[in-house]
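Worksheet: the structure to be examined is printed underneath.
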Amino acid sequence: MSLIVYGFPLSPFVRKLFFCLAEKGIDYQLETVPPFNQPSWFREISPLGRIPAIKDGDLTLADSSVICQYFEDKYPDLTKLLGKNAEQHAKVRWLEKYADYELAPLTTFTVFLHRVVNPSMNKPCDEKTVQAALADKLPAHFDYLEQSLGHAEFFVDDNLSLADLAFTCQMINMEHAGEQLDNERWPNLAALFARIKARPYMQALLQKEYQLLSSMK
C-alpha cells in the first residue's frame with residue numbers, strides 16, 4: 001500500500017479525507033500525527049503543520065481540500081465528489097469551503113475545543129464562549145445551509161459530494177461536544193446529517209472515534 005495518510009481521526013479535515021477515500025474505495029495506511037506537538041519530520045511533509053497530509057509514492061501534499069481534489073483528478077473513473085460540470089463543481093467547492101471556514105471556527109475550534117479538547121488537556125472550558133457560538137453565531141449559518149439544501153437529498157444535484165461530507169464532518173465534532181442540530185428549526189439539515197451518518201463506512205469510522213474520545217476522558 002503506497003498511500004499514507006498523516007493525521008488525527010478527530011480532526012474534521014482528516015475525517016473529510018477518510019470519507020472521501022472511503023467513497024472512492026481507495027485503501028490507505030494511517031500514521032497518527034496530532035494537531036499539536038507534532039514530530040519535527042512532519043514539517044517536511046506539511047510545511048505549515050496542517051493535517052491531513054499524505055504521501056502517495058513520491059508525492060506529498062497537505063490540506064484536505066487540495067488532497068481530495070488530487071484524488072478526484074487522479075481517479076476520474078471513481079465516484080465523483082466534486083460534481084459533474086463546472087457549475088456543480090463551483091457549488092460544491094463553495095459549500096465545502098463554507099463548512100471549512102465558517103462552521104469549523106465555531107463547531108470545532110470553539111464548541112469541540114472547549115468541551116472536549118481543553119478538558120482532556122486539563123484546561124478550562126469557557127462555556128460562555130461555547131454558548132455564544134451556539135446561540136448567537138451558528139444559527140445564521142444553519143439557516144443559510146438549510147435554505148441552500150431545501151428538500152433535496154444532497155446539497156448539489158442530488159448527488160453526494162464533498163459539500164455534504166464537509167458539513168457532516170463539522171456536525172460530528174459538534175455532536176461529540178454534546179450538541180445536536182435542532183430538528184424542528186433545521187429539519188432538512190438534520191435529515192441530511194442522519195442519512196450520511198448511516199452509511200456503513202461512517203459507522204465503522206465513528207466507532208473508532210468514540211473509543212478515542214473515551215480514552216481521552
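Ligands are numbered from 1 in the order shown, residues from 1 within each chain, and chains are lettered A, B, ... in the order they appear in the C-alpha cells.
Taking only C-alpha atoms, the non-local environment of A:Ile67 within 8 Å (same-chain residues fewer than 3 positions away omitted) comprises A:Leu17, A:Ala53, A:Ile54, A:Leu61, A:Ala62, A:Asp63, A:Ser64, A:Tyr70, A:Phe71.
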Store the residues picked out above, limited to C-alpha atoms, as a tab-separated table (two decimals), in the first residue's frame.
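Result file follows (part35.tsv):
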chain	number	residue	atom	x	y	z
A	17	LEU	CA	-10.34	12.85	3.72
A	53	ALA	CA	-1.24	15.29	4.82
A	54	ILE	CA	-0.48	12.39	2.52
A	61	LEU	CA	0.52	17.01	-0.10
A	62	ALA	CA	-1.19	18.81	2.76
A	63	ASP	CA	-4.65	20.40	3.16
A	64	SER	CA	-7.81	18.31	2.93
A	70	TYR	CA	-5.94	15.41	-6.19
A	71	PHE	CA	-7.78	12.11	-5.86
Next on the checklist: I'd like the neighbourhood of A:Gly25 as a ChimeraX atom specification, where a residue qualifies if any of its atoms comes within 10 Å (using only C-alpha atoms), though same-chain residues fewer than 4 positions away should be ignored.
Outcome noted: /A:19-21,78-79
Selected residues written out with C-alpha atoms, as a PDB file, in the first residue's frame:
ATOM      1  CA  PHE A  19     -14.782   9.873   3.965  1.00  0.00           C
ATOM      2  CA  CYS A  20     -13.527  10.870   0.518  1.00  0.00           C
ATOM      3  CA  LEU A  21     -11.244   7.839   0.306  1.00  0.00           C
ATOM      4  CA  LEU A  78     -14.135   6.531  -9.382  1.00  0.00           C
ATOM      5  CA  THR A  79     -17.070   8.083  -7.517  1.00  0.00           C
TER       6      THR A  79
END
Next on the checklist: List as a ChimeraX atom specification the protein and nucleic acid residues near stretch 102-116 of chain A, meaning an atom at most 8 Å away when only C-alpha atoms are counted, but skip any in the same chain fewer than 5 places from it.
Outcome noted: /A:12,97,124-127,129-130,133-134,137-138,141,170-171,173-174,176-177
Next on the checklist: Please extract the residues of stretch 58-195 of chain A with a backbone DSSP assignment of strand (DSSP E) and present them as an MDAnalysis selection string.
Outcome noted: chainID A and resid 59:62
Checklist entry - What are the DSSP helix (DSSP H, G or I) residues of stretch 74-210 of chain A, as an MDAnalysis selection string? => result chainID A and resid 74 86:120 127:149 162:176 187:197 200:210
Next on the checklist: Can you pull out the residues contacting A:Leu181? Cut-off 9 Å, using only C-alpha atoms, and skip same-chain residues under 5 positions away; I want them as a ChimeraX atom specification.
Outcome noted: /A:142,171,174-175,186-187,189-190,193
Dump C-alpha atoms for the selected residues as a PDB file, in the first residue's frame?
ATOM      1  CA  PHE A 142     -27.520  26.799   9.675  1.00  0.00           C
ATOM      2  CA  MET A 171     -21.580  18.329  12.717  1.00  0.00           C
ATOM      3  CA  MET A 174     -20.396  19.403  17.442  1.00  0.00           C
ATOM      4  CA  GLU A 175     -22.166  16.158  18.343  1.00  0.00           C
ATOM      5  CA  TRP A 186     -33.402  22.814  10.556  1.00  0.00           C
ATOM      6  CA  PRO A 187     -35.199  19.582   9.598  1.00  0.00           C
ATOM      7  CA  LEU A 189     -30.025  19.607   7.556  1.00  0.00           C
ATOM      8  CA  ALA A 190     -30.768  17.191  10.391  1.00  0.00           C
ATOM      9  CA  PHE A 193     -26.729  14.545   8.648  1.00  0.00           C
TER      10      PHE A 193
END
Checklist entry - Can you list, as a PyMOL selection string, every protein, DNA or RNA residue that comes within 12 Å of A:Pro9 when you count only C-alpha atoms, leaving out same-chain residues fewer than 6 positions away? => result chain A and resi 15-19+30-35+51-52+169+172-173+205-213
Atoms to include: N, CA and C atoms. Write the selected residues as a PDB file, in the first residue's frame.
ATOM      1  N   ARG A  15     -11.024  13.701   8.915  1.00  0.00           N
ATOM      2  CA  ARG A  15     -12.247  12.910   8.740  1.00  0.00           C
ATOM      3  C   ARG A  15     -12.796  13.086   7.319  1.00  0.00           C
ATOM      4  N   LYS A  16     -12.775  14.303   6.818  1.00  0.00           N
ATOM      5  CA  LYS A  16     -13.258  14.553   5.453  1.00  0.00           C
ATOM      6  C   LYS A  16     -12.466  13.720   4.448  1.00  0.00           C
ATOM      7  N   LEU A  17     -11.159  13.658   4.626  1.00  0.00           N
ATOM      8  CA  LEU A  17     -10.336  12.854   3.720  1.00  0.00           C
ATOM      9  C   LEU A  17     -10.667  11.372   3.869  1.00  0.00           C
ATOM     10  N   PHE A  18     -10.847  10.894   5.094  1.00  0.00           N
ATOM     11  CA  PHE A  18     -11.237   9.491   5.287  1.00  0.00           C
ATOM     12  C   PHE A  18     -12.519   9.187   4.520  1.00  0.00           C
ATOM     13  N   PHE A  19     -13.497  10.091   4.637  1.00  0.00           N
ATOM     14  CA  PHE A  19     -14.782   9.873   3.965  1.00  0.00           C
ATOM     15  C   PHE A  19     -14.615   9.879   2.452  1.00  0.00           C
ATOM     16  N   LEU A  30      -2.956   4.725   7.842  1.00  0.00           N
ATOM     17  CA  LEU A  30      -2.950   5.912   8.687  1.00  0.00           C
ATOM     18  C   LEU A  30      -1.714   5.923   9.573  1.00  0.00           C
ATOM     19  N   GLU A  31      -1.008   7.035   9.554  1.00  0.00           N
ATOM     20  CA  GLU A  31       0.058   7.274  10.512  1.00  0.00           C
ATOM     21  C   GLU A  31      -0.380   8.456  11.372  1.00  0.00           C
ATOM     22  N   THR A  32      -0.618   8.203  12.647  1.00  0.00           N
ATOM     23  CA  THR A  32      -1.202   9.225  13.510  1.00  0.00           C
ATOM     24  C   THR A  32      -0.226  10.369  13.755  1.00  0.00           C
ATOM     25  N   VAL A  33      -0.684  11.567  13.440  1.00  0.00           N
ATOM     26  CA  VAL A  33       0.046  12.801  13.727  1.00  0.00           C
ATOM     27  C   VAL A  33      -0.957  13.758  14.366  1.00  0.00           C
ATOM     28  N   PRO A  34      -0.715  14.209  15.584  1.00  0.00           N
ATOM     29  CA  PRO A  34      -1.680  15.079  16.261  1.00  0.00           C
ATOM     30  C   PRO A  34      -1.619  16.506  15.710  1.00  0.00           C
ATOM     31  N   PRO A  35      -2.648  17.301  16.009  1.00  0.00           N
ATOM     32  CA  PRO A  35      -2.613  18.698  15.568  1.00  0.00           C
ATOM     33  C   PRO A  35      -1.624  19.551  16.366  1.00  0.00           C
ATOM     34  N   ILE A  51      -2.901  19.132   9.184  1.00  0.00           N
ATOM     35  CA  ILE A  51      -3.389  17.776   8.941  1.00  0.00           C
ATOM     36  C   ILE A  51      -4.772  17.881   8.313  1.00  0.00           C
ATOM     37  N   PRO A  52      -5.059  16.958   7.392  1.00  0.00           N
ATOM     38  CA  PRO A  52      -4.255  15.808   6.993  1.00  0.00           C
ATOM     39  C   PRO A  52      -3.164  16.186   6.006  1.00  0.00           C
ATOM     40  N   CYS A 169     -18.752  16.483   8.623  1.00  0.00           N
ATOM     41  CA  CYS A 169     -17.568  16.422   9.483  1.00  0.00           C
ATOM     42  C   CYS A 169     -17.634  17.444  10.607  1.00  0.00           C
ATOM     43  N   ILE A 172     -20.329  16.324  13.192  1.00  0.00           N
ATOM     44  CA  ILE A 172     -19.855  15.233  14.058  1.00  0.00           C
ATOM     45  C   ILE A 172     -19.084  15.804  15.238  1.00  0.00           C
ATOM     46  N   ASN A 173     -18.227  16.799  14.998  1.00  0.00           N
ATOM     47  CA  ASN A 173     -17.479  17.380  16.113  1.00  0.00           C
ATOM     48  C   ASN A 173     -18.408  18.092  17.083  1.00  0.00           C
ATOM     49  N   LEU A 205     -16.026   4.149  11.083  1.00  0.00           N
ATOM     50  CA  LEU A 205     -15.082   5.187  11.481  1.00  0.00           C
ATOM     51  C   LEU A 205     -15.512   5.853  12.793  1.00  0.00           C
ATOM     52  N   LEU A 206     -16.810   6.054  12.957  1.00  0.00           N
ATOM     53  CA  LEU A 206     -17.285   6.706  14.169  1.00  0.00           C
ATOM     54  C   LEU A 206     -17.073   5.839  15.406  1.00  0.00           C
ATOM     55  N   GLN A 207     -17.184   4.535  15.261  1.00  0.00           N
ATOM     56  CA  GLN A 207     -16.917   3.655  16.395  1.00  0.00           C
ATOM     57  C   GLN A 207     -15.491   3.840  16.901  1.00  0.00           C
ATOM     58  N   LYS A 208     -14.555   4.014  15.979  1.00  0.00           N
ATOM     59  CA  LYS A 208     -13.159   4.256  16.368  1.00  0.00           C
ATOM     60  C   LYS A 208     -13.024   5.609  17.067  1.00  0.00           C
ATOM     61  N   GLU A 209     -13.787   6.589  16.592  1.00  0.00           N
ATOM     62  CA  GLU A 209     -13.734   7.902  17.233  1.00  0.00           C
ATOM     63  C   GLU A 209     -14.307   7.854  18.643  1.00  0.00           C
ATOM     64  N   TYR A 210     -15.387   7.123  18.820  1.00  0.00           N
ATOM     65  CA  TYR A 210     -15.980   7.016  20.154  1.00  0.00           C
ATOM     66  C   TYR A 210     -14.987   6.369  21.133  1.00  0.00           C
ATOM     67  N   GLN A 211     -14.258   5.388  20.654  1.00  0.00           N
ATOM     68  CA  GLN A 211     -13.245   4.745  21.509  1.00  0.00           C
ATOM     69  C   GLN A 211     -12.143   5.721  21.861  1.00  0.00           C
ATOM     70  N   LEU A 212     -11.742   6.527  20.892  1.00  0.00           N
ATOM     71  CA  LEU A 212     -10.699   7.521  21.132  1.00  0.00           C
ATOM     72  C   LEU A 212     -11.182   8.584  22.126  1.00  0.00           C
ATOM     73  N   LEU A 213     -12.412   9.024  21.964  1.00  0.00           N
ATOM     74  CA  LEU A 213     -12.968  10.001  22.908  1.00  0.00           C
ATOM     75  C   LEU A 213     -13.024   9.443  24.325  1.00  0.00           C
TER      76      LEU A 213
END
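Shortest separation to A:Lys74 among A:Glu153, A:Asp136, A:Asp56, A:Glu179 occurs at residue A:Asp56, atoms counted being only C-alpha atoms.
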Next on the checklist: Please list as a PyMOL selection string every residue within 12 Å of A:Glu87, counting only C-alpha atoms and excluding residues in the same chain fewer than 6 positions away.
Outcome noted: chain A and resi 93-94+156-157
Would you output that residue set with C-alpha atoms, as a JSON list (two decimals), in the first residue's frame?
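The file below, out31.json, is the result:
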[["chain", "number", "residue", "atom", "x", "y", "z"],
["A", 93, "ARG", "CA", -16.32, 23.96, -3.59],
["A", 94, "TRP", "CA", -18.27, 26.94, -2.22],
["A", 156, "VAL", "CA", -25.64, 19.69, -5.17],
["A", 157, "ASP", "CA", -27.53, 17.88, -7.96]]
